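Novice: My structure is stored as final-v5.pdb, with PDB, C-alpha atoms, pLDDT in the B column.
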ATOM      1  CA  MET A   1      -7.921  11.352   9.818  1.00 78.00           C
ATOM      2  CA  ALA A   2      -7.269   8.336  11.964  1.00 89.00           C
ATOM      3  CA  ASP A   3      -7.047   7.745  15.708  1.00 92.00           C
ATOM      4  CA  TYR A   4      -4.298   5.642  17.320  1.00 92.00           C
ATOM      5  CA  VAL A   5      -3.599   4.232  20.792  1.00 91.00           C
ATOM      6  CA  ALA A   6      -0.226   3.399  22.356  1.00 90.00           C
ATOM      7  CA  GLU A   7      -0.506   0.825  25.172  1.00 89.00           C
ATOM      8  CA  ILE A   8       1.851   1.201  28.173  1.00 86.00           C
ATOM      9  CA  PRO A   9       3.115  -1.415  28.967  1.00 82.00           C
ATOM     10  CA  GLY A  10       2.968  -3.070  25.598  1.00 75.00           C
ATOM     11  CA  GLU A  11       4.848  -0.735  23.294  1.00 66.00           C
ATOM     12  CA  ASN A  12       3.807  -0.985  19.690  1.00 78.00           C
ATOM     13  CA  ASP A  13       4.751   0.551  16.364  1.00 88.00           C
ATOM     14  CA  ILE A  14       2.408   3.192  15.004  1.00 92.00           C
ATOM     15  CA  THR A  15       2.558   4.811  11.577  1.00 94.00           C
ATOM     16  CA  MET A  16       0.400   7.917  11.222  1.00 95.00           C
ATOM     17  CA  LYS A  17      -0.008  11.132   9.260  1.00 95.00           C
ATOM     18  CA  VAL A  18       0.046  14.769  10.311  1.00 95.00           C
ATOM     19  CA  GLY A  19      -3.508  15.502  11.471  1.00 95.00           C
ATOM     20  CA  ASP A  20      -4.077  12.032  12.964  1.00 96.00           C
ATOM     21  CA  THR A  21      -4.587  11.706  16.712  1.00 96.00           C
ATOM     22  CA  LEU A  22      -2.943   9.669  19.459  1.00 95.00           C
ATOM     23  CA  ARG A  23      -3.982   8.619  22.959  1.00 95.00           C
ATOM     24  CA  ILE A  24      -1.820   6.740  25.423  1.00 93.00           C
ATOM     25  CA  HIS A  25      -3.396   4.036  27.603  1.00 93.00           C
ATOM     26  CA  PHE A  26      -1.413   3.533  30.803  1.00 93.00           C
ATOM     27  CA  LYS A  27      -2.356   0.100  32.147  1.00 93.00           C
ATOM     28  CA  ASN A  28      -0.406   0.978  35.305  1.00 92.00           C
ATOM     29  CA  SER A  29       1.211   4.158  36.584  1.00 93.00           C
ATOM     30  CA  ALA A  30       4.394   4.666  34.533  1.00 91.00           C
ATOM     31  CA  LYS A  31       6.675   7.156  32.829  1.00 90.00           C
ATOM     32  CA  PHE A  32       6.435   7.572  29.050  1.00 89.00           C
ATOM     33  CA  CYS A  33      10.055   7.729  27.920  1.00 89.00           C
ATOM     34  CA  ILE A  34      11.266   9.085  24.586  1.00 88.00           C
ATOM     35  CA  ASP A  35      14.658   7.803  23.453  1.00 84.00           C
ATOM     36  CA  SER A  36      14.664   9.881  20.262  1.00 86.00           C
ATOM     37  CA  GLY A  37      12.256  12.081  18.324  1.00 90.00           C
ATOM     38  CA  ASN A  38      10.208  15.208  18.969  1.00 93.00           C
ATOM     39  CA  LYS A  39       7.535  15.134  21.694  1.00 93.00           C
ATOM     40  CA  ASP A  40       6.448  18.589  20.494  1.00 95.00           C
ATOM     41  CA  ALA A  41       5.300  17.111  17.151  1.00 95.00           C
ATOM     42  CA  PHE A  42       1.962  16.606  18.965  1.00 96.00           C
ATOM     43  CA  ASP A  43      -0.526  19.063  20.417  1.00 95.00           C
ATOM     44  CA  PRO A  44      -0.518  18.759  23.351  1.00 95.00           C
ATOM     45  CA  PRO A  45       3.135  17.608  23.546  1.00 96.00           C
ATOM     46  CA  LEU A  46       3.625  13.974  24.578  1.00 95.00           C
ATOM     47  CA  PRO A  47       4.112  13.497  28.370  1.00 94.00           C
ATOM     48  CA  ALA A  48       7.811  12.607  28.105  1.00 90.00           C
ATOM     49  CA  ASP A  49       9.702  11.748  31.305  1.00 87.00           C
ATOM     50  CA  LYS A  50       6.670  12.438  33.513  1.00 88.00           C
ATOM     51  CA  ALA A  51       5.004   9.976  35.868  1.00 90.00           C
ATOM     52  CA  GLU A  52       1.452   9.376  34.650  1.00 93.00           C
ATOM     53  CA  PRO A  53      -1.339   7.651  36.608  1.00 94.00           C
ATOM     54  CA  LYS A  54      -3.132   4.532  35.432  1.00 94.00           C
ATOM     55  CA  GLY A  55      -5.649   5.507  32.786  1.00 93.00           C
ATOM     56  CA  TRP A  56      -5.692   7.590  29.613  1.00 94.00           C
ATOM     57  CA  TRP A  57      -3.548  10.466  28.403  1.00 95.00           C
ATOM     58  CA  PRO A  58      -4.634  13.112  27.636  1.00 93.00           C
ATOM     59  CA  ASN A  59      -6.915  12.605  30.598  1.00 85.00           C
ATOM     60  CA  GLU A  60      -9.635  14.994  29.421  1.00 78.00           C
ATOM     61  CA  PHE A  61     -12.666  13.070  28.154  1.00 75.00           C
ATOM     62  CA  GLY A  62     -12.817  13.031  24.381  1.00 75.00           C
ATOM     63  CA  LYS A  63      -9.397  14.628  23.912  1.00 89.00           C
ATOM     64  CA  ALA A  64      -6.422  13.255  21.981  1.00 94.00           C
ATOM     65  CA  ALA A  65      -3.005  14.559  20.934  1.00 95.00           C
ATOM     66  CA  LYS A  66      -2.977  15.733  17.325  1.00 96.00           C
ATOM     67  CA  ALA A  67       0.114  15.088  15.190  1.00 96.00           C
ATOM     68  CA  ILE A  68       1.269  18.512  13.927  1.00 95.00           C
ATOM     69  CA  ALA A  69       4.733  17.760  12.488  1.00 95.00           C
ATOM     70  CA  ASP A  70       6.801  14.973  10.923  1.00 94.00           C
ATOM     71  CA  THR A  71       8.835  12.954  13.425  1.00 94.00           C
ATOM     72  CA  THR A  72       9.968   9.449  14.282  1.00 93.00           C
ATOM     73  CA  ILE A  73       9.765   8.795  18.019  1.00 92.00           C
ATOM     74  CA  LYS A  74      11.359   5.784  19.671  1.00 89.00           C
ATOM     75  CA  TYR A  75       9.681   5.255  23.035  1.00 89.00           C
ATOM     76  CA  CYS A  76       9.460   2.923  26.013  1.00 87.00           C
ATOM     77  CA  HIS A  77       8.208   3.151  29.574  1.00 86.00           C
ATOM     78  CA  ALA A  78       9.727   3.098  33.036  1.00 86.00           C
ATOM     79  CA  ASP A  79       8.598   2.757  36.624  1.00 87.00           C
ATOM     80  CA  PRO A  80       7.051   6.101  37.724  1.00 88.00           C
ATOM     81  CA  ASN A  81       9.893   6.595  40.254  1.00 88.00           C
ATOM     82  CA  ALA A  82      12.724   5.573  37.903  1.00 84.00           C
ATOM     83  CA  GLY A  83      14.720   7.470  35.316  1.00 82.00           C
ATOM     84  CA  CYS A  84      14.019   7.106  31.626  1.00 81.00           C
ATOM     85  CA  LYS A  85      17.459   6.906  30.002  1.00 72.00           C
ATOM     86  CA  PRO A  86      18.291   4.802  28.183  1.00 65.00           C
ATOM     87  CA  CYS A  87      15.228   3.037  26.784  1.00 68.00           C
ATOM     88  CA  LYS A  88      15.822  -0.631  27.439  1.00 61.00           C
ATOM     89  CA  ALA A  89      14.544  -3.477  25.310  1.00 53.00           C
ATOM     90  CA  ILE A  90      11.761  -4.584  27.637  1.00 54.00           C
ATOM     91  CA  GLU A  91       8.772  -6.866  27.169  1.00 52.00           C
ATOM     92  CA  ASN A  92       7.393  -5.689  23.847  1.00 50.00           C
ATOM     93  CA  GLY A  93       9.472  -2.546  23.384  1.00 58.00           C
ATOM     94  CA  PRO A  94      10.740  -0.123  22.612  1.00 74.00           C
ATOM     95  CA  GLY A  95       8.079   1.078  20.215  1.00 86.00           C
ATOM     96  CA  THR A  96       8.148   3.591  17.381  1.00 90.00           C
ATOM     97  CA  ILE A  97       5.693   6.312  16.379  1.00 93.00           C
ATOM     98  CA  LYS A  98       6.266   7.536  12.817  1.00 94.00           C
ATOM     99  CA  VAL A  99       4.464  10.678  11.693  1.00 94.00           C
ATOM    100  CA  GLY A 100       4.524  12.033   8.170  1.00 90.00           C
ATOM    101  CA  THR A 101       7.634  11.449   6.050  1.00 71.00           C
ATOM    102  CA  GLY A 102       8.085   7.739   5.509  1.00 49.00           C
ATOM    103  CA  ALA A 103       4.624   6.982   6.915  1.00 47.00           C
ATOM    104  CA  LYS A 104       2.324   4.923   4.703  1.00 44.00           C
TER     105      LYS A 104
END
I'd like the structure from this file rewritten - as structure tokens, please.

Specialist:
Amino acid sequence: MADYVAEIPGENDITMKVGDTLRIHFKNSAKFCIDSGNKDAFDPPLPADKAEPKGWWPNEFGKAAKAIADTTIKYCHADPNAGCKPCKAIENGPGTIKVGTGAK
């Protein structure tokens, strides 16, 4: 099992396996936007299209989202008061999270 972090802003590409965990580090308040893929491939589901405060998600100490199904998620971020669609090519994004099939 491995643990991964997605930085917002600062999208990055992550390749992981079912059973690995993910945390999202919001450097500023923002929305985590999913352009394609399955947010429910994680437990808890990824916080898609929701404004999140600066800090860590999940925000419970010591918790992380566990990958529970194969998926390829293309993601970006938006201002907390803006809409998510479509993901624009911004700064370092969009990023991709690959789980399972095709993952190394």

Novice: Select all residues near (16.2, 6.4, 25.4) (cut-off 12 Å, inclusive, file coordinates), counting only C-alpha atoms, and output them as a VMD selection string.

Specialist: chain A and resid 32 to 37 48 to 49 73 to 78 83 to 89 93 to 96

Novice: Which residue is closest to Ala41 of chain A? Choose from A:Thr71, A:Ser29, A:Thr21, A:Thr15 and count only C-alpha atoms.

Specialist: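 Of the candidates, the smallest distance to Ala41 of chain A is held by A:Thr71.
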
Novice: Just checking: using all atoms listed in the file, which residue out of A:Ala67, A:Lys39, A:Glu60, A:Lys54 ends up closest to Pro9 of chain A?

Specialist: A:Lys54

Novice: Need the shell around His25 of chain A: protein/DNA/RNA residues with any atom at most 8 Å away, counting all atoms listed in the file. Skip same-chain ones fewer than 4 positions apart. Format as a PyMOL selection string?

Specialist: chain A and resi 5-8+54-57

Novice: Expand the PyMOL selection byres ((chain A and resi 30) around 6) into the explicit residue set it covers here, and present it as a CSV table (one decimal) with C-alpha atoms, in the coordinates of the input.

Specialist:
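Full text of part_34.csv as output:
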chain,number,residue,atom,x,y,z
A,29,SER,CA,1.2,4.2,36.6
A,31,LYS,CA,6.7,7.2,32.8
A,51,ALA,CA,5.0,10.0,35.9
A,52,GLU,CA,1.5,9.4,34.6
A,78,ALA,CA,9.7,3.1,33.0
A,79,ASP,CA,8.6,2.8,36.6
A,80,PRO,CA,7.1,6.1,37.7

Novice: Box in all listed atoms of segment 21-29 of chain A, axis-aligned, with 4 Å more on each side; write out centre and edge lengths in Å to one decimal as AutoDock Vina command-line options.

Specialist:
--center_x -1.7 --center_y 5.9 --center_z 26.6 --size_x 13.8 --size_y 19.6 --size_z 27.9

Novice: Using only C-alpha atoms for the distances, tell me which of A:Ala2, A:Asp70, A:Asp43, A:Lys50 is nearest to Ile97 of chain A.

Specialist: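 Ranked by minimum distance to Ile97 of chain A, first place goes to A:Asp70.
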
Novice: Any idea what the distance is between atom CA of Asn38 of chain A and atom CA of Thr72 of chain A?

Specialist: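 One can read the atom CA of Asn38 of chain A to atom CA of Thr72 of chain A distance as 7.4 Å.
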
Novice: I want to know what sits within 10 Å of Met16 of chain A, based on all atoms listed in the file, with residues of the same chain fewer than 6 positions away left out; could you give that as an NGL selection string?

Specialist: :A and (1-4 or 22 or 67 or 70 or 97-104)

Novice: Calculate how many Å separate atom CA of Pro53 of chain A from atom CA of Ile68 of chain A, rounding to one decimal.

Specialist: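 Computed distance, atom CA of Pro53 of chain A to atom CA of Ile68 of chain A, equals 25.3 Å.
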
Novice: In Å to one decimal, how far is atom CA of Phe61 of chain A from atom CA of Asp13 of chain A?

Specialist: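 For atom CA of Asp13 of chain A relative to atom CA of Phe61 of chain A, the distance reads 24.5 Å.
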